[in-house]
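**Student:** Here's a structure for you.
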Amino acid sequence: MSPEEFLNNIRQSSDKIASAFERRIPLMVGNAGKSHFKSNFQKGGFVDQNLKKWKPAKRIGKAKGAKGQYGTLLSARNFLYNSINYRVLPYQVIIFTRVHYAIVHNEGLRAGRGKGFKMPKRQFIGDSAVLNKQISEIIDKELSNILDL
């Protein structure tokens, strides 16, 4: 291979890598993040390095009928669960929820249910070592495909 051919291959690979990081990788990372955070609801806790179980809702084991059959932070409508989404921008992805009370559950804040009531922290979205590892694997795989490793 001549030096000119070698430089041409590097330029082509560089363009493919930039293109992957601009759109394809953020799309894959957004999908992985959304799936990861939604799976926290089924597991009943937040997965970081391991599962940090949530304090069960008071209705668990007490409520009769429909209310008693759903897990903590889940309901018939699953409004909070279904609100997790992502937005892809060039070279980045934003995973979010637009539900106004999500922060109260996620961080364990005052919930407005009377003086002194504080919602227990039931984190379902945030920085996760397991998700970060999955993101690294996505990037490694895409780069390997581009560079034919």
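By convention here, the chains of the structure tokens are called A, B, ... in the order presented, each chain's residues are numbered starting at 1, and ligands are numbered starting at 1 in the order presented.
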Region 14-147 of chain A: which residues are helix (DSSP H, G or I) by DSSP, as a PyMOL selection string?
**Tutor:** chain A and resi 14-43+65-69+79-82+102-107+129-147
**Student:** So which residues touch Thr72 (chain A) within 9 Å, counting only C-alpha atoms, skipping near sequence neighbours fewer than 4 positions away, as a PDB file with all heavy atoms, in the first residue's frame?
**Tutor:**
ATOM      1  N   PHE A  41     -37.948  -0.304  36.460  1.00  0.00           N
ATOM      2  CA  PHE A  41     -39.303  -0.418  36.988  1.00  0.00           C
ATOM      3  C   PHE A  41     -39.679  -1.888  37.210  1.00  0.00           C
ATOM      4  O   PHE A  41     -40.296  -2.230  38.200  1.00  0.00           O
ATOM      5  CB  PHE A  41     -40.305   0.238  36.027  1.00  0.00           C
ATOM      6  CG  PHE A  41     -40.280   1.737  36.077  1.00  0.00           C
ATOM      7  CD1 PHE A  41     -39.378   2.458  35.322  1.00  0.00           C
ATOM      8  CD2 PHE A  41     -41.172   2.437  36.875  1.00  0.00           C
ATOM      9  CE1 PHE A  41     -39.344   3.839  35.357  1.00  0.00           C
ATOM     10  CE2 PHE A  41     -41.159   3.824  36.922  1.00  0.00           C
ATOM     11  CZ  PHE A  41     -40.237   4.525  36.164  1.00  0.00           C
ATOM     12  N   GLY A  44     -37.771  -3.217  40.203  1.00  0.00           N
ATOM     13  CA  GLY A  44     -38.129  -2.619  41.486  1.00  0.00           C
ATOM     14  C   GLY A  44     -36.977  -1.918  42.175  1.00  0.00           C
ATOM     15  O   GLY A  44     -36.882  -1.901  43.401  1.00  0.00           O
ATOM     16  N   TRP A  54     -35.943  -0.442  45.737  1.00  0.00           N
ATOM     17  CA  TRP A  54     -36.731   0.667  46.264  1.00  0.00           C
ATOM     18  C   TRP A  54     -37.476   0.233  47.515  1.00  0.00           C
ATOM     19  O   TRP A  54     -37.833  -0.942  47.672  1.00  0.00           O
ATOM     20  CB  TRP A  54     -37.787   1.105  45.248  1.00  0.00           C
ATOM     21  CG  TRP A  54     -37.262   1.656  43.979  1.00  0.00           C
ATOM     22  CD1 TRP A  54     -36.128   2.369  43.774  1.00  0.00           C
ATOM     23  CD2 TRP A  54     -37.891   1.533  42.694  1.00  0.00           C
ATOM     24  NE1 TRP A  54     -36.004   2.715  42.449  1.00  0.00           N
ATOM     25  CE2 TRP A  54     -37.077   2.206  41.767  1.00  0.00           C
ATOM     26  CE3 TRP A  54     -39.055   0.931  42.245  1.00  0.00           C
ATOM     27  CZ2 TRP A  54     -37.396   2.301  40.429  1.00  0.00           C
ATOM     28  CZ3 TRP A  54     -39.371   1.019  40.908  1.00  0.00           C
ATOM     29  CH2 TRP A  54     -38.551   1.694  40.014  1.00  0.00           C
ATOM     30  N   LYS A  55     -37.754   1.203  48.348  1.00  0.00           N
ATOM     31  CA  LYS A  55     -38.640   0.958  49.477  1.00  0.00           C
ATOM     32  C   LYS A  55     -40.023   0.698  48.881  1.00  0.00           C
ATOM     33  O   LYS A  55     -40.513   1.483  48.055  1.00  0.00           O
ATOM     34  CB  LYS A  55     -38.673   2.187  50.388  1.00  0.00           C
ATOM     35  CG  LYS A  55     -39.588   2.041  51.574  1.00  0.00           C
ATOM     36  CD  LYS A  55     -39.581   3.295  52.431  1.00  0.00           C
ATOM     37  CE  LYS A  55     -40.561   3.137  53.579  1.00  0.00           C
ATOM     38  NZ  LYS A  55     -40.616   4.346  54.393  1.00  0.00           N
ATOM     39  N   PRO A  56     -40.684  -0.407  49.257  1.00  0.00           N
ATOM     40  CA  PRO A  56     -41.997  -0.710  48.655  1.00  0.00           C
ATOM     41  C   PRO A  56     -43.033   0.372  48.965  1.00  0.00           C
ATOM     42  O   PRO A  56     -43.006   0.984  50.032  1.00  0.00           O
ATOM     43  CB  PRO A  56     -42.410  -2.028  49.309  1.00  0.00           C
ATOM     44  CG  PRO A  56     -41.163  -2.594  49.903  1.00  0.00           C
ATOM     45  CD  PRO A  56     -40.265  -1.422  50.206  1.00  0.00           C
ATOM     46  N   ALA A  57     -43.929   0.590  48.026  1.00  0.00           N
ATOM     47  CA  ALA A  57     -45.033   1.530  48.243  1.00  0.00           C
ATOM     48  C   ALA A  57     -45.917   0.991  49.358  1.00  0.00           C
ATOM     49  O   ALA A  57     -46.048  -0.229  49.531  1.00  0.00           O
ATOM     50  CB  ALA A  57     -45.837   1.696  46.957  1.00  0.00           C
ATOM     51  N   LYS A  58     -46.523   1.880  50.124  1.00  0.00           N
ATOM     52  CA  LYS A  58     -47.358   1.465  51.251  1.00  0.00           C
ATOM     53  C   LYS A  58     -48.540   0.604  50.822  1.00  0.00           C
ATOM     54  O   LYS A  58     -49.014  -0.234  51.570  1.00  0.00           O
ATOM     55  CB  LYS A  58     -47.856   2.687  52.025  1.00  0.00           C
ATOM     56  CG  LYS A  58     -46.754   3.371  52.793  1.00  0.00           C
ATOM     57  CD  LYS A  58     -47.286   4.548  53.579  1.00  0.00           C
ATOM     58  CE  LYS A  58     -46.159   5.223  54.338  1.00  0.00           C
ATOM     59  NZ  LYS A  58     -46.628   6.374  55.086  1.00  0.00           N
ATOM     60  N   ARG A  59     -49.003   0.785  49.586  1.00  0.00           N
ATOM     61  CA  ARG A  59     -50.160   0.026  49.126  1.00  0.00           C
ATOM     62  C   ARG A  59     -49.833  -1.439  48.820  1.00  0.00           C
ATOM     63  O   ARG A  59     -50.715  -2.275  48.755  1.00  0.00           O
ATOM     64  CB  ARG A  59     -50.761   0.688  47.880  1.00  0.00           C
ATOM     65  CG  ARG A  59     -49.852   0.650  46.680  1.00  0.00           C
ATOM     66  CD  ARG A  59     -50.506   1.254  45.442  1.00  0.00           C
ATOM     67  NE  ARG A  59     -49.530   1.602  44.441  1.00  0.00           N
ATOM     68  CZ  ARG A  59     -48.888   0.728  43.663  1.00  0.00           C
ATOM     69  NH1 ARG A  59     -49.145  -0.540  43.766  1.00  0.00           N
ATOM     70  NH2 ARG A  59     -48.012   1.145  42.792  1.00  0.00           N
ATOM     71  N   ILE A  60     -48.536  -1.759  48.654  1.00  0.00           N
ATOM     72  CA  ILE A  60     -48.131  -3.122  48.322  1.00  0.00           C
ATOM     73  C   ILE A  60     -48.493  -4.049  49.490  1.00  0.00           C
ATOM     74  O   ILE A  60     -48.087  -3.829  50.619  1.00  0.00           O
ATOM     75  CB  ILE A  60     -46.614  -3.215  48.023  1.00  0.00           C
ATOM     76  CG1 ILE A  60     -46.195  -2.241  46.934  1.00  0.00           C
ATOM     77  CG2 ILE A  60     -46.194  -4.639  47.704  1.00  0.00           C
ATOM     78  CD1 ILE A  60     -46.750  -2.527  45.562  1.00  0.00           C
ATOM     79  N   ARG A 122     -36.672   6.800  45.153  1.00  0.00           N
ATOM     80  CA  ARG A 122     -36.828   5.612  44.323  1.00  0.00           C
ATOM     81  C   ARG A 122     -36.253   5.950  42.949  1.00  0.00           C
ATOM     82  O   ARG A 122     -36.977   6.146  41.978  1.00  0.00           O
ATOM     83  CB  ARG A 122     -38.298   5.210  44.231  1.00  0.00           C
ATOM     84  CG  ARG A 122     -38.856   4.773  45.575  1.00  0.00           C
ATOM     85  CD  ARG A 122     -40.292   4.306  45.453  1.00  0.00           C
ATOM     86  NE  ARG A 122     -40.798   3.860  46.728  1.00  0.00           N
ATOM     87  CZ  ARG A 122     -41.815   4.423  47.378  1.00  0.00           C
ATOM     88  NH1 ARG A 122     -42.432   5.467  46.854  1.00  0.00           N
ATOM     89  NH2 ARG A 122     -42.217   3.947  48.529  1.00  0.00           N
TER      90      ARG A 122
END
**Student:** For CA of Ile10 (chain A) and CA of Asp148 (chain A), quote the distance in Å rounded to one decimal.
**Tutor:**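 Result for CA of Ile10 (chain A) versus CA of Asp148 (chain A): 12.5 Å, one decimal.
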**Student:** Counting only C-alpha atoms, figure out which residue out of A:Thr97, A:Met1, A:Asp48, A:Lys38 gets nearest to Leu74 (chain A).
**Tutor:**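 Of A:Thr97, A:Met1, A:Asp48, A:Lys38, the one nearest Leu74 (chain A) is A:Lys38, counting only C-alpha atoms.
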**Student:** Mind checking which residues fall within 12 Å of region 126-132 of chain A, counting only C-alpha atoms, ignoring those fewer than 6 positions away in the same chain, and posting them as a ChimeraX atom specification?
**Tutor:** /A:29-40,46-52,84,94-97,102-103,106-107,138-139
**Student:** In Å, rounded to a single decimal, give me how far CA of Val99 (chain A) is from CA of Phe79 (chain A).
**Tutor:**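 Calculated distance between CA of Phe79 (chain A) and CA of Val99 (chain A) is 8.2 Å.
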**Student:** CA of Arg87 (chain A) to CA of Leu27 (chain A): how many Å, to one decimal?
**Tutor:** 8.3 Å
**Student:** Do a neighbour search on Leu147 (chain A) at 12 Å with only C-alpha atoms, toss out local chain neighbours closer than 6 positions, and write the hits as a PDB file with N, CA and C atoms, in the first residue's frame.
**Tutor:**
ATOM      1  N   ASN A   9      -7.234   5.910   3.122  1.00  0.00           N
ATOM      2  CA  ASN A   9      -7.969   4.992   4.004  1.00  0.00           C
ATOM      3  C   ASN A   9      -8.227   5.631   5.366  1.00  0.00           C
ATOM      4  N   ILE A  10      -7.227   6.335   5.864  1.00  0.00           N
ATOM      5  CA  ILE A  10      -7.394   7.013   7.160  1.00  0.00           C
ATOM      6  C   ILE A  10      -8.472   8.090   7.060  1.00  0.00           C
ATOM      7  N   ARG A  11      -8.471   8.860   5.991  1.00  0.00           N
ATOM      8  CA  ARG A  11      -9.486   9.910   5.807  1.00  0.00           C
ATOM      9  C   ARG A  11     -10.887   9.302   5.718  1.00  0.00           C
ATOM     10  N   GLN A  12     -11.028   8.205   4.963  1.00  0.00           N
ATOM     11  CA  GLN A  12     -12.334   7.540   4.824  1.00  0.00           C
ATOM     12  C   GLN A  12     -12.805   7.007   6.173  1.00  0.00           C
ATOM     13  N   SER A  13     -11.907   6.379   6.928  1.00  0.00           N
ATOM     14  CA  SER A  13     -12.267   5.865   8.248  1.00  0.00           C
ATOM     15  C   SER A  13     -12.649   6.996   9.180  1.00  0.00           C
ATOM     16  N   SER A  14     -11.906   8.094   9.099  1.00  0.00           N
ATOM     17  CA  SER A  14     -12.199   9.252   9.937  1.00  0.00           C
ATOM     18  C   SER A  14     -13.594   9.808   9.644  1.00  0.00           C
ATOM     19  N   ASP A  15     -13.947   9.892   8.374  1.00  0.00           N
ATOM     20  CA  ASP A  15     -15.281  10.374   7.983  1.00  0.00           C
ATOM     21  C   ASP A  15     -16.371   9.436   8.479  1.00  0.00           C
ATOM     22  N   LYS A  16     -16.133   8.130   8.378  1.00  0.00           N
ATOM     23  CA  LYS A  16     -17.123   7.139   8.840  1.00  0.00           C
ATOM     24  C   LYS A  16     -17.290   7.211  10.353  1.00  0.00           C
ATOM     25  N   ILE A  17     -16.196   7.383  11.068  1.00  0.00           N
ATOM     26  CA  ILE A  17     -16.259   7.490  12.534  1.00  0.00           C
ATOM     27  C   ILE A  17     -17.029   8.741  12.940  1.00  0.00           C
ATOM     28  N   ALA A  20     -20.671   8.182  12.364  1.00  0.00           N
ATOM     29  CA  ALA A  20     -21.246   7.270  13.365  1.00  0.00           C
ATOM     30  C   ALA A  20     -21.513   7.999  14.679  1.00  0.00           C
ATOM     31  N   ASP A 140     -17.403   0.517  21.085  1.00  0.00           N
ATOM     32  CA  ASP A 140     -16.338  -0.393  20.641  1.00  0.00           C
ATOM     33  C   ASP A 140     -16.774  -1.216  19.432  1.00  0.00           C
ATOM     34  N   LYS A 141     -18.004  -1.709  19.473  1.00  0.00           N
ATOM     35  CA  LYS A 141     -18.505  -2.529  18.390  1.00  0.00           C
ATOM     36  C   LYS A 141     -18.607  -1.717  17.089  1.00  0.00           C
TER      37      LYS A 141
END
**Student:** List the neighbours of Arg98 (chain A) out to 9 Å using only C-alpha atoms; skip same-chain residues closer than 6 positions along the sequence, and give me the result as a list in words.
**Tutor:** Leu80, Ser83, Ile84 and Asn85 of chain A
**Student:** Output the selection as a tab-separated table (two decimals), in the first residue's frame - N, CA and C atoms for each residue.
**Tutor:**
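Below is the file that was written, part-v8.tsv:
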chain	number	residue	atom	x	y	z
A	80	LEU	N	-45.52	7.21	34.37
A	80	LEU	CA	-44.12	7.53	34.63
A	80	LEU	C	-43.19	6.61	33.83
A	83	SER	N	-43.10	7.50	30.22
A	83	SER	CA	-42.64	8.86	29.92
A	83	SER	C	-41.15	8.94	29.63
A	84	ILE	N	-40.41	7.87	29.88
A	84	ILE	CA	-38.97	7.89	29.63
A	84	ILE	C	-38.74	7.87	28.12
A	85	ASN	N	-37.96	8.83	27.66
A	85	ASN	CA	-37.72	8.95	26.23
A	85	ASN	C	-36.32	9.52	26.01
**Student:** Out of region 12-114 of chain A, which residues get strand (DSSP E or B) from DSSP, as a count of residues only?
**Tutor:** 17
